[in-house]
>>> print(open('query_6.txt').read())   # compact mmCIF, C-alpha atoms and all ligand atoms
# COMPACT_ATOMS: atom_id res chain seq x y z
CA MET A 18 -12.68 -19.43 5.45
CA SER A 19 -16.09 -18.73 6.95
CA GLU A 20 -19.16 -18.01 4.82
CA SER A 21 -21.10 -14.78 5.32
CA LYS A 22 -24.88 -15.04 4.98
CA ASP A 23 -25.60 -11.37 4.29
CA SER A 24 -26.86 -10.27 0.90
CA GLU A 25 -24.21 -8.99 -1.50
CA PRO A 26 -24.39 -6.25 -4.14
CA SER A 27 -25.30 -7.86 -7.48
CA SER A 28 -22.44 -6.16 -9.36
CA THR A 29 -19.05 -4.74 -8.52
CA THR A 30 -18.92 -2.45 -11.57
CA GLY A 31 -19.10 1.21 -10.60
CA ILE A 32 -19.75 0.66 -6.86
CA PRO A 33 -18.68 3.59 -4.64
CA VAL A 34 -15.17 2.94 -3.39
CA GLY A 35 -13.15 4.41 -0.54
CA VAL A 36 -9.38 4.76 -0.29
CA VAL A 37 -7.89 5.63 3.10
CA GLY A 38 -4.50 7.34 2.89
CA ALA A 39 -3.36 9.41 -0.11
CA GLY A 40 0.35 8.56 -0.11
CA THR A 41 2.42 6.55 -2.57
CA MET A 42 -0.06 3.67 -2.74
CA GLY A 43 -3.36 5.44 -2.00
CA VAL A 44 -3.06 7.82 -4.95
CA GLY A 45 -2.13 5.00 -7.32
CA VAL A 46 -4.94 2.73 -6.08
CA ALA A 47 -7.46 5.60 -6.29
CA GLN A 48 -6.38 6.24 -9.89
CA CYS A 49 -6.94 2.56 -10.75
CA PHE A 50 -10.51 2.61 -9.38
CA ALA A 51 -11.43 5.96 -10.92
CA ALA A 52 -9.98 4.92 -14.29
CA ALA A 53 -12.21 1.83 -14.15
CA GLY A 54 -15.28 4.05 -13.68
CA HIS A 55 -15.79 3.87 -9.91
CA PRO A 56 -16.68 6.96 -7.90
CA VAL A 57 -13.89 7.16 -5.31
CA VAL A 58 -13.65 8.99 -1.99
CA VAL A 59 -10.03 9.40 -0.85
CA VAL A 60 -9.57 10.18 2.84
CA ASP A 61 -6.37 11.66 4.23
CA PRO A 62 -6.21 13.88 7.32
CA HIS A 63 -3.11 15.68 6.07
CA PRO A 64 -3.81 18.76 3.92
CA ALA A 65 -0.58 18.40 1.90
CA ALA A 66 -1.56 14.90 0.80
CA ARG A 67 -5.02 16.10 -0.32
CA ALA A 68 -3.55 19.15 -2.05
CA ASP A 69 -1.05 17.05 -4.06
CA GLY A 70 -3.46 14.21 -4.76
CA PRO A 71 -5.26 15.48 -7.89
CA GLU A 72 -2.02 16.36 -9.72
CA ARG A 73 -0.48 13.00 -8.80
CA VAL A 74 -3.59 11.21 -10.13
CA ARG A 75 -3.36 13.27 -13.34
CA ALA A 76 0.28 12.26 -13.72
CA TRP A 77 -0.60 8.56 -13.42
CA THR A 78 -3.46 8.93 -15.89
CA ARG A 79 -1.06 10.57 -18.36
CA ALA A 80 1.51 7.80 -17.79
CA VAL A 81 -1.07 5.03 -18.34
CA ARG A 82 -2.32 6.76 -21.52
CA LEU A 83 1.24 7.13 -22.81
CA LEU A 84 2.45 3.64 -21.97
CA ARG A 85 -0.73 1.65 -22.54
CA GLY A 86 -2.79 3.83 -24.88
CA ALA A 87 -5.71 3.60 -22.45
CA ASP A 88 -8.21 6.46 -22.40
CA SER A 89 -10.05 6.31 -19.07
CA GLY A 90 -12.31 9.34 -19.53
CA PRO A 91 -12.79 12.00 -16.83
CA VAL A 92 -10.77 10.23 -14.11
CA GLU A 93 -10.39 13.28 -11.83
CA GLU A 94 -14.13 14.00 -11.84
CA ARG A 95 -14.74 10.62 -10.22
CA LEU A 96 -12.56 11.46 -7.21
CA LEU A 97 -13.56 13.25 -4.03
CA TRP A 98 -10.87 14.22 -1.50
CA ALA A 99 -11.87 14.28 2.18
CA ALA A 100 -10.21 14.84 5.54
CA GLU A 101 -12.54 12.69 7.62
CA PRO A 102 -13.46 9.00 7.36
CA ALA A 103 -17.13 10.03 7.78
CA ALA A 104 -17.03 10.72 4.01
CA LEU A 105 -16.92 6.93 3.50
CA ALA A 106 -20.51 6.38 4.69
CA ASP A 107 -21.58 5.11 1.22
CA ALA A 108 -18.44 3.20 0.29
CA HIS A 109 -19.05 -0.50 -0.37
CA PHE A 110 -15.42 -1.41 -0.97
CA VAL A 111 -12.66 0.36 0.96
CA VAL A 112 -8.91 -0.01 0.48
CA ASP A 113 -6.75 0.89 3.46
CA CYS A 114 -3.55 2.63 2.35
CA THR A 115 -2.61 4.19 5.68
CA PRO A 116 1.03 3.96 6.84
CA GLU A 117 2.47 0.59 7.87
CA ARG A 118 1.99 1.37 11.57
CA VAL A 119 -0.07 -1.05 13.63
CA PRO A 120 -1.84 1.53 15.86
CA VAL A 121 -2.73 3.73 12.84
CA LYS A 122 -4.29 0.81 11.00
CA GLU A 123 -6.10 -0.49 14.11
CA GLU A 124 -7.76 2.89 14.56
CA ALA A 125 -8.54 3.17 10.85
CA PHE A 126 -10.30 -0.22 10.85
CA ARG A 127 -12.30 0.66 13.98
CA ALA A 128 -13.46 3.86 12.28
CA LEU A 129 -14.35 2.10 9.02
CA ASP A 130 -16.42 -0.44 10.93
CA ARG A 131 -18.38 2.35 12.62
CA ILE A 132 -18.93 4.37 9.45
CA CYS A 133 -19.29 2.11 6.40
CA PRO A 134 -22.36 0.14 5.27
CA ASP A 135 -22.79 -3.31 6.81
CA ASP A 136 -22.03 -5.04 3.52
CA ALA A 137 -18.81 -3.08 2.88
CA VAL A 138 -15.61 -5.04 2.32
CA PHE A 139 -12.42 -3.70 3.90
CA ALA A 140 -9.32 -4.47 1.87
CA SER A 141 -5.90 -3.57 3.21
CA CYS A 142 -2.84 -2.70 1.18
CA THR A 143 -0.72 -3.59 4.21
CA SER A 144 2.73 -4.93 3.43
CA ALA A 145 3.03 -7.16 6.46
CA ILE A 146 0.30 -6.88 9.13
CA PRO A 147 -1.70 -10.12 9.29
CA ILE A 148 -5.21 -9.68 7.91
CA GLY A 149 -6.69 -11.57 10.86
CA HIS A 150 -5.18 -8.95 13.18
CA LEU A 151 -6.79 -6.08 11.23
CA GLY A 152 -10.13 -7.93 11.04
CA SER A 153 -10.17 -8.30 14.82
CA PHE A 154 -10.62 -4.53 15.12
CA THR A 155 -13.93 -4.75 13.26
CA GLY A 156 -17.21 -6.52 13.92
CA ARG A 157 -16.93 -8.11 10.45
CA PRO A 158 -13.65 -10.07 10.20
CA ASP A 159 -15.32 -12.15 7.45
CA ARG A 160 -15.33 -9.01 5.26
CA VAL A 161 -11.66 -8.11 5.73
CA VAL A 162 -9.11 -9.14 3.10
CA GLY A 163 -5.59 -8.22 2.03
CA THR A 164 -5.11 -6.55 -1.36
CA HIS A 165 -1.38 -5.98 -1.55
CA PHE A 166 -1.20 -3.82 -4.67
CA MET A 167 2.26 -3.42 -6.15
CA ASN A 168 3.96 -0.08 -6.68
CA PRO A 169 3.19 1.79 -8.90
CA ALA A 170 -0.38 0.48 -8.74
CA PRO A 171 -1.58 1.94 -12.08
CA LEU A 172 1.20 0.10 -13.95
CA LYS A 173 1.35 -3.19 -12.06
CA ASP A 174 -1.13 -5.83 -13.16
CA THR A 175 -0.86 -8.32 -10.31
CA VAL A 176 -2.11 -8.04 -6.72
CA GLU A 177 -1.17 -10.37 -3.87
CA VAL A 178 -4.52 -11.15 -2.22
CA ALA A 179 -4.35 -12.47 1.34
CA THR A 180 -7.19 -14.17 3.19
CA SER A 181 -7.33 -14.79 6.91
CA PRO A 182 -9.11 -17.88 8.28
CA ALA A 183 -12.07 -15.54 8.99
CA THR A 184 -12.30 -14.08 5.45
CA SER A 185 -15.47 -15.41 3.79
CA GLU A 186 -15.63 -16.99 0.34
CA GLN A 187 -18.02 -14.18 -0.68
CA THR A 188 -15.52 -11.52 0.37
CA LEU A 189 -12.80 -13.22 -1.64
CA ARG A 190 -15.14 -13.52 -4.65
CA ARG A 191 -16.14 -9.86 -4.45
CA THR A 192 -12.51 -8.84 -4.14
CA LEU A 193 -11.46 -10.88 -7.16
CA ASP A 194 -14.40 -9.41 -9.15
CA VAL A 195 -13.40 -5.86 -8.17
CA LEU A 196 -9.77 -6.50 -9.13
CA ALA A 197 -10.87 -8.00 -12.47
CA VAL A 198 -12.77 -4.78 -13.25
CA LEU A 199 -9.48 -2.91 -12.61
CA GLY A 200 -7.74 -5.26 -15.05
CA LYS A 201 -5.68 -6.79 -12.24
CA GLN A 202 -4.99 -10.46 -11.78
CA ALA A 203 -4.81 -11.83 -8.26
CA ILE A 204 -2.48 -14.31 -6.67
CA VAL A 205 -4.27 -15.59 -3.57
CA VAL A 206 -2.23 -16.58 -0.52
CA GLY A 207 -2.96 -17.32 3.12
CA ASP A 208 -2.43 -15.05 6.10
CA GLY A 209 0.85 -14.42 7.88
CA PRO A 210 3.28 -11.57 8.57
CA GLY A 211 4.42 -10.16 5.22
CA PHE A 212 2.36 -12.79 3.35
CA VAL A 213 4.72 -14.15 0.66
CA SER A 214 6.18 -11.08 -1.02
CA ASN A 215 7.38 -9.02 1.90
CA ARG A 216 8.31 -11.92 4.17
CA VAL A 217 10.97 -12.68 1.56
CA LEU A 218 11.67 -9.26 0.02
CA MET A 219 12.21 -7.40 3.30
CA LEU A 220 14.83 -9.89 4.48
CA THR A 221 16.61 -9.41 1.16
CA VAL A 222 16.49 -5.62 1.41
CA ASN A 223 17.71 -5.72 5.01
CA GLU A 224 20.60 -8.04 4.13
CA ALA A 225 21.46 -5.96 1.06
CA ALA A 226 21.70 -2.91 3.34
CA ALA A 227 23.89 -4.92 5.74
CA VAL A 228 26.24 -5.79 2.88
CA VAL A 229 26.59 -2.08 2.04
CA GLU A 230 27.05 -1.23 5.72
CA ALA A 231 29.81 -3.86 6.01
CA GLY A 232 31.62 -2.32 3.03
CA THR A 233 31.47 -5.51 0.94
CA ALA A 234 30.00 -3.56 -1.99
CA ASP A 235 28.29 -0.24 -2.63
CA ALA A 236 24.56 0.01 -3.38
CA ALA A 237 25.04 0.18 -7.16
CA THR A 238 27.11 -2.99 -7.14
CA VAL A 239 24.64 -4.88 -4.95
CA ASP A 240 21.81 -4.02 -7.34
CA ARG A 241 23.92 -4.88 -10.38
CA ILE A 242 24.55 -8.36 -9.00
CA PHE A 243 20.79 -8.93 -8.86
CA GLN A 244 20.20 -7.38 -12.29
CA ASP A 245 23.04 -8.99 -14.23
CA CYS A 246 23.28 -12.32 -12.43
CA PHE A 247 19.64 -13.03 -11.51
CA GLY A 248 17.74 -11.04 -14.14
CA HIS A 249 15.98 -8.76 -11.62
CA ALA A 250 14.66 -5.50 -13.10
CA THR A 251 16.16 -3.14 -10.51
CA GLY A 252 17.78 -4.99 -7.60
CA PRO A 253 16.77 -4.89 -3.93
CA LEU A 254 18.05 -1.45 -2.99
CA ARG A 255 16.46 0.42 -5.93
CA THR A 256 13.27 -1.49 -5.12
CA ALA A 257 13.53 -0.30 -1.52
CA ASP A 258 14.04 3.28 -2.72
CA LEU A 259 10.88 2.97 -4.85
CA ILE A 260 8.84 1.60 -1.94
CA GLY A 261 10.10 4.36 0.38
CA LEU A 262 12.70 3.56 3.05
CA ASP A 263 10.33 4.81 5.76
CA THR A 264 7.79 2.20 4.67
CA VAL A 265 10.52 -0.45 4.43
CA LEU A 266 11.63 0.37 7.99
CA ASP A 267 8.04 0.24 9.27
CA THR A 268 7.49 -3.08 7.50
CA LEU A 269 10.61 -4.61 9.08
CA VAL A 270 9.40 -3.47 12.51
CA VAL A 271 5.99 -5.06 11.86
CA LEU A 272 7.62 -8.30 10.65
CA GLY A 273 9.82 -8.39 13.76
CA ARG A 274 6.80 -7.90 15.99
CA PHE A 275 4.60 -10.54 14.38
CA THR A 276 7.29 -13.19 13.74
CA GLY A 277 9.52 -12.59 16.78
CA ASP A 278 12.40 -13.20 14.35
CA GLU A 279 15.56 -11.16 15.01
CA ARG A 280 16.46 -11.31 11.32
CA PHE A 281 13.94 -8.54 10.68
CA ARG A 282 15.77 -6.11 13.00
CA PRO A 283 16.46 -3.11 10.73
CA THR A 284 20.07 -2.66 9.65
CA PRO A 285 21.49 0.54 11.24
CA LEU A 286 22.26 2.01 7.79
CA LEU A 287 18.55 1.80 6.89
CA SER A 288 17.55 3.51 10.15
CA ARG A 289 20.14 6.24 9.58
CA LEU A 290 18.92 6.95 6.05
CA VAL A 291 15.34 7.31 7.29
CA ALA A 292 16.37 9.47 10.26
CA GLY A 293 18.20 11.75 7.81
CA GLY A 294 15.13 12.10 5.59
CA ASN A 295 16.76 10.10 2.78
CA VAL A 296 13.72 7.89 2.30
CA GLY A 297 14.18 7.00 -1.36
CA ARG A 298 12.85 8.24 -4.68
CA LYS A 299 10.10 10.37 -3.16
CA ALA A 300 12.76 12.36 -1.27
CA GLY A 301 15.28 12.47 -4.13
CA ARG A 302 17.78 10.29 -2.24
CA GLY A 303 17.90 6.89 -0.58
CA PHE A 304 20.43 4.15 -1.24
CA HIS A 305 20.77 5.88 -4.62
CA PRO A 306 20.43 9.55 -5.69
CA TYR A 307 17.41 10.61 -7.80
CA PRO A 308 18.31 14.18 -8.73
CA SER A 309 15.50 14.69 -11.26
CA ASN A 310 12.89 13.05 -9.08
CA THR A 311 12.84 15.24 -6.02
CA SER A 312 9.59 15.96 -4.24
CA THR A 313 9.10 18.68 -1.67
CA ARG A 314 6.26 16.82 -0.01
CA PRO A 315 7.50 14.86 2.99
CA SER A 316 6.51 11.23 2.72
CA ARG A 317 4.80 11.51 6.04
CA PRO A 318 3.88 14.49 8.20
CA ALA A 319 6.21 15.33 11.07
CA GLY A 320 4.92 14.00 14.37
CA ALA A 321 3.33 10.93 12.82
CA ASP A 322 6.20 8.76 14.02
CA THR A 323 4.31 6.39 16.31
CA ARG A 324 6.19 3.15 15.94
CA VAL A 325 4.64 -0.17 16.92
N1 LIG B 401 5.19 2.07 -0.95
C1 LIG B 401 5.06 0.86 -1.49
O1 LIG B 401 5.79 0.50 -2.44
C2 LIG B 401 4.01 -0.08 -1.00
C3 LIG B 401 3.67 -1.19 -1.79
C4 LIG B 401 2.65 -2.04 -1.37
C5 LIG B 401 2.01 -1.80 -0.16
N2 LIG B 401 2.38 -0.72 0.60
C6 LIG B 401 1.61 -0.50 1.84
O2 LIG B 401 0.63 0.49 1.53
C7 LIG B 401 0.35 1.26 2.72
C8 LIG B 401 0.61 2.72 2.42
O3 LIG B 401 1.98 2.86 2.08
P1 LIG B 401 2.52 4.17 1.33
O4 LIG B 401 3.86 3.80 0.80
O5 LIG B 401 1.48 4.70 0.43
O6 LIG B 401 2.70 5.14 2.58
P2 LIG B 401 2.85 6.74 2.57
O7 LIG B 401 3.56 7.08 3.82
O8 LIG B 401 3.39 7.19 1.24
O9 LIG B 401 1.32 7.25 2.64
C9 LIG B 401 0.50 7.09 3.74
C10 LIG B 401 -0.58 8.15 3.69
O10 LIG B 401 -1.50 7.91 4.75
C11 LIG B 401 -1.87 9.16 5.31
N3 LIG B 401 -2.36 8.90 6.65
C12 LIG B 401 -1.70 8.90 7.84
N4 LIG B 401 -2.56 8.59 8.85
C13 LIG B 401 -3.79 8.43 8.27
C14 LIG B 401 -5.09 8.13 8.78
N5 LIG B 401 -5.28 7.92 10.09
N6 LIG B 401 -6.13 8.06 7.92
C15 LIG B 401 -5.94 8.28 6.60
N7 LIG B 401 -4.73 8.55 6.05
C16 LIG B 401 -3.67 8.63 6.88
C17 LIG B 401 -0.61 10.02 5.22
O11 LIG B 401 -0.92 11.40 5.24
C18 LIG B 401 -0.04 9.59 3.88
O12 LIG B 401 -0.53 10.43 2.84
C19 LIG B 401 1.24 0.69 3.82
O13 LIG B 401 0.51 -0.28 4.52
C20 LIG B 401 2.39 0.05 3.02
O14 LIG B 401 3.03 -0.97 3.74
C21 LIG B 401 3.34 0.15 0.21
>>> encode(input="query_6.txt", output="structure tokens")
Amino acid sequence: MSESKDSEPSSTTGIPVGVVGAGTMGVGVAQCFAAAGHPVVVVDPHPAARADGPERVRAWTRAVRLLRGADSGPVEERLLWAAEPAALADAHFVVDCTPERVPVKEEAFRALDRICPDDAVFASCTSAIPIGHLGSFTGRPDRVVGTHFMNPAPLKDTVEVATSPATSEQTLRRTLDVLAVLGKQAIVVGDGPGFVSNRVLMLTVNEAAAVVEAGTADAATVDRIFQDCFGHATGPLRTADLIGLDTVLDTLVVLGRFTGDERFRPTPLLSRLVAGGNVGRKAGRGFHPYPSNTSTRPSRPAGADTRV
């Protein structure tokens, strides 16, 4: 890792934070920062995402209070919702939660580099895009780091932190300090497509879908094997439904692109489910049905389907 010589803010507590993308992860990550006392600007160009955002943050705050007994004060008052990245001009720590599409993230990082203060750190929630690749679209690759929050971010205490060879020690230190303020512990890994978690998990999900497609077992049985035999909490296909099958599909495409490995070619069943709008829990149906968990908000606006 290279060492940056610029001066650093003396404290990470309460620094203005930006979150780019108000989807499944962005809302959860924004709630984590606001609950820890940070003023947060959340940027999403899509009006539906901004309209739903405050209620989804409230729901997470209620869930955290109920499950953990934590009272985080006026969480919603610390959040500002914006359509344009220009609103991030004062953000000193920004978390990218845009879709897992390479061109979308490249453009987002270019914009952040133009807009944010020189000392700002750019952290990406990307599931699979190498951090070095994202850093190369900025003039500050030493200040770009991976913060792969887990879903749902307000209830998951561990973050996979990925550093590229260009990420400075100071950036890593600041990132670990910020995560500590959120009450998150970090597991630090090197760079590479999918890092550790998704390089392994996505192959498992893809193979689990192939097993269903082949008729060897249905989705419930596949998950039960993982739950009852291996002690997994939910199994690979319920995990995929929680992530969002659109995001799983995008992540497989990214992994295929950056590894060149045919094993990441999405199973046709997965592609069919996404094409049919059955993208998992957020749509009320994926590999499994979620009748009481339906959402009318599409996971992603129509027309945003620019695959890598
Ligand atoms: N879903 C998961 O379980 C999970 C877990 C860990 C990491 N991730 C990663 O987090 C990132 C976000 O995933 P998600 O599941 O929240 O996706 P999502 O599709 O639910 O949300 C993406 C949001 O980004 C917005 N968006 C689109 N283009 C944008 C732009 N140019 N600028 C700002 N916002 C824009 C969309 O309107 C949408 O609200 C991805 O990189 C994904 O791989 C997802």
>>> closest_atom_pairs(input="query_6.txt", of="chain A", to="ligand LIG 401 (chain B)", cutoff="7 Å", atoms="only C-alpha atoms and all ligand atoms", output="JSON lines")
{"residue": "A:Val37", "atom": "CA", "partner": "B:LIG401", "partner_atom": "C15", "distance": 4.8}
{"residue": "A:Gly38", "atom": "CA", "partner": "B:LIG401", "partner_atom": "N7", "distance": 3.4}
{"residue": "A:Ala39", "atom": "CA", "partner": "B:LIG401", "partner_atom": "O12", "distance": 4.2}
{"residue": "A:Gly40", "atom": "CA", "partner": "B:LIG401", "partner_atom": "O9", "distance": 3.2}
{"residue": "A:Thr41", "atom": "CA", "partner": "B:LIG401", "partner_atom": "O5", "distance": 3.6}
{"residue": "A:Met42", "atom": "CA", "partner": "B:LIG401", "partner_atom": "O5", "distance": 3.7}
{"residue": "A:Gly43", "atom": "CA", "partner": "B:LIG401", "partner_atom": "O5", "distance": 5.5}
{"residue": "A:Val60", "atom": "CA", "partner": "B:LIG401", "partner_atom": "C15", "distance": 5.6}
{"residue": "A:Asp61", "atom": "CA", "partner": "B:LIG401", "partner_atom": "N7", "distance": 4.0}
{"residue": "A:Pro62", "atom": "CA", "partner": "B:LIG401", "partner_atom": "C15", "distance": 5.7}
{"residue": "A:His63", "atom": "CA", "partner": "B:LIG401", "partner_atom": "O11", "distance": 4.9}
{"residue": "A:Ala66", "atom": "CA", "partner": "B:LIG401", "partner_atom": "O12", "distance": 5.0}
{"residue": "A:Cys114", "atom": "CA", "partner": "B:LIG401", "partner_atom": "C7", "distance": 4.2}
{"residue": "A:Thr115", "atom": "CA", "partner": "B:LIG401", "partner_atom": "O10", "distance": 4.0}
{"residue": "A:Pro116", "atom": "CA", "partner": "B:LIG401", "partner_atom": "C9", "distance": 4.4}
{"residue": "A:Glu117", "atom": "CA", "partner": "B:LIG401", "partner_atom": "O13", "distance": 4.0}
{"residue": "A:Val121", "atom": "CA", "partner": "B:LIG401", "partner_atom": "N5", "distance": 5.6}
{"residue": "A:Ala125", "atom": "CA", "partner": "B:LIG401", "partner_atom": "N5", "distance": 5.8}
{"residue": "A:Cys142", "atom": "CA", "partner": "B:LIG401", "partner_atom": "O2", "distance": 4.7}
{"residue": "A:Thr143", "atom": "CA", "partner": "B:LIG401", "partner_atom": "O13", "distance": 3.5}
{"residue": "A:Ser144", "atom": "CA", "partner": "B:LIG401", "partner_atom": "O14", "distance": 4.0}
{"residue": "A:Ala145", "atom": "CA", "partner": "B:LIG401", "partner_atom": "O14", "distance": 6.8}
{"residue": "A:His165", "atom": "CA", "partner": "B:LIG401", "partner_atom": "C5", "distance": 5.6}
{"residue": "A:Phe166", "atom": "CA", "partner": "B:LIG401", "partner_atom": "C4", "distance": 5.4}
{"residue": "A:Met167", "atom": "CA", "partner": "B:LIG401", "partner_atom": "C4", "distance": 5.0}
{"residue": "A:Asn168", "atom": "CA", "partner": "B:LIG401", "partner_atom": "O1", "distance": 4.7}
{"residue": "A:Leu259", "atom": "CA", "partner": "B:LIG401", "partner_atom": "O1", "distance": 6.1}
{"residue": "A:Ile260", "atom": "CA", "partner": "B:LIG401", "partner_atom": "O1", "distance": 3.3}
{"residue": "A:Gly261", "atom": "CA", "partner": "B:LIG401", "partner_atom": "N1", "distance": 5.6}
{"residue": "A:Thr264", "atom": "CA", "partner": "B:LIG401", "partner_atom": "O4", "distance": 5.7}
{"residue": "A:Thr268", "atom": "CA", "partner": "B:LIG401", "partner_atom": "O14", "distance": 6.2}
{"residue": "A:Ser316", "atom": "CA", "partner": "B:LIG401", "partner_atom": "O7", "distance": 5.2}
{"residue": "A:Arg317", "atom": "CA", "partner": "B:LIG401", "partner_atom": "O7", "distance": 5.1}
{"residue": "A:Pro318", "atom": "CA", "partner": "B:LIG401", "partner_atom": "O11", "distance": 6.4}
>>> atom_distance(input="query_6.txt", atom1="atom CA of Lys122 of chain A", atom2="atom CA of His150 of chain A")
10.0 Å
>>> closest_residue(input="query_6.txt", among="A:Pro91, A:Gly152, A:Gly273, A:Gly70", to="Leu220 of chain A", atoms="all atoms listed in the file")
A:Gly273
>>> residues_around(input="query_6.txt", residues="segment 130-138 of chain A", least_positions_apart="5", cutoff="6 Å", atoms="all atoms listed in the file", output="VMD selection string")
chain A and resid 106 109 to 110 155 160
>>> residues_around(input="query_6.txt", residues="Trp77 of chain A", least_positions_apart="3", cutoff="9 Å", atoms="all atoms listed in the file", output="list in words")
Val44, Gly45, Gln48, Glu72, Arg73, Val74, Ala80, Val81, Arg82, Pro169, Pro171 and Leu172 of chain A
>>> write_last_selection(input="query_6.txt", atoms="C-alpha atoms", output="short mmCIF file (atom, residue, chain, number, x, y, z; two decimals), keeping the file's coordinate frame")
data_model
loop_
_atom_site.label_atom_id
_atom_site.label_comp_id
_atom_site.auth_asym_id
_atom_site.auth_seq_id
_atom_site.Cartn_x
_atom_site.Cartn_y
_atom_site.Cartn_z
CA VAL A 44 -3.06 7.82 -4.95
CA GLY A 45 -2.13 5.00 -7.32
CA GLN A 48 -6.38 6.24 -9.89
CA GLU A 72 -2.02 16.36 -9.72
CA ARG A 73 -0.48 13.00 -8.80
CA VAL A 74 -3.59 11.21 -10.13
CA ALA A 80 1.51 7.80 -17.79
CA VAL A 81 -1.07 5.03 -18.34
CA ARG A 82 -2.32 6.76 -21.52
CA PRO A 169 3.19 1.79 -8.90
CA PRO A 171 -1.58 1.94 -12.08
CA LEU A 172 1.20 0.10 -13.95
#
>>> atom_distance(input="query_6.txt", atom1="atom CA of Phe281 of chain A", atom2="atom CA of Arg302 of chain A")
23.2 Å
>>> atom_distance(input="query_6.txt", atom1="atom CA of Ala108 of chain A", atom2="atom CA of Val34 of chain A")
4.9 Å
>>> closest_residue(input="query_6.txt", among="A:Arg289, A:Gln187, A:Val270, A:Arg216", to="Glu230 of chain A", atoms="all atoms listed in the file")
A:Arg289
>>> axis_aligned_box(input="query_6.txt", around="segment 298-310 of chain A", padding_each_side="8 Å", output="JSON")
{"center_x": 15.4, "center_y": 9.4, "center_z": -5.9, "size_x": 26.7, "size_y": 26.5, "size_z": 26.7}
>>> residues_near_point(input="query_6.txt", point="(-13.5, 6.2, -10.0)", cutoff="10 Å", atoms="only C-alpha atoms", output="VMD selection string")
chain A and resid 31 to 35 47 to 58 89 91 to 97
>>> closest_residue(input="query_6.txt", among="A:Leu287, A:Val178, A:Ala170, A:Met219", to="Leu272 of chain A", atoms="only C-alpha atoms")
A:Met219
>>> residues_around(input="query_6.txt", residues="segment 195-205 of chain A", least_positions_apart="6", cutoff="6 Å", atoms="only C-alpha atoms", output="CSV table (one decimal) with C-alpha atoms, in the coordinates of the input")
chain,number,residue,atom,x,y,z
A,29,THR,CA,-19.0,-4.7,-8.5
A,53,ALA,CA,-12.2,1.8,-14.2
A,174,ASP,CA,-1.1,-5.8,-13.2
A,175,THR,CA,-0.9,-8.3,-10.3
A,176,VAL,CA,-2.1,-8.0,-6.7
A,177,GLU,CA,-1.2,-10.4,-3.9
A,178,VAL,CA,-4.5,-11.2,-2.2
A,179,ALA,CA,-4.4,-12.5,1.3
>>> closest_residue(input="query_6.txt", among="A:Val206, A:Thr251, A:Asp88, A:Val59", to="Ala103 of chain A", atoms="only C-alpha atoms")
A:Val59
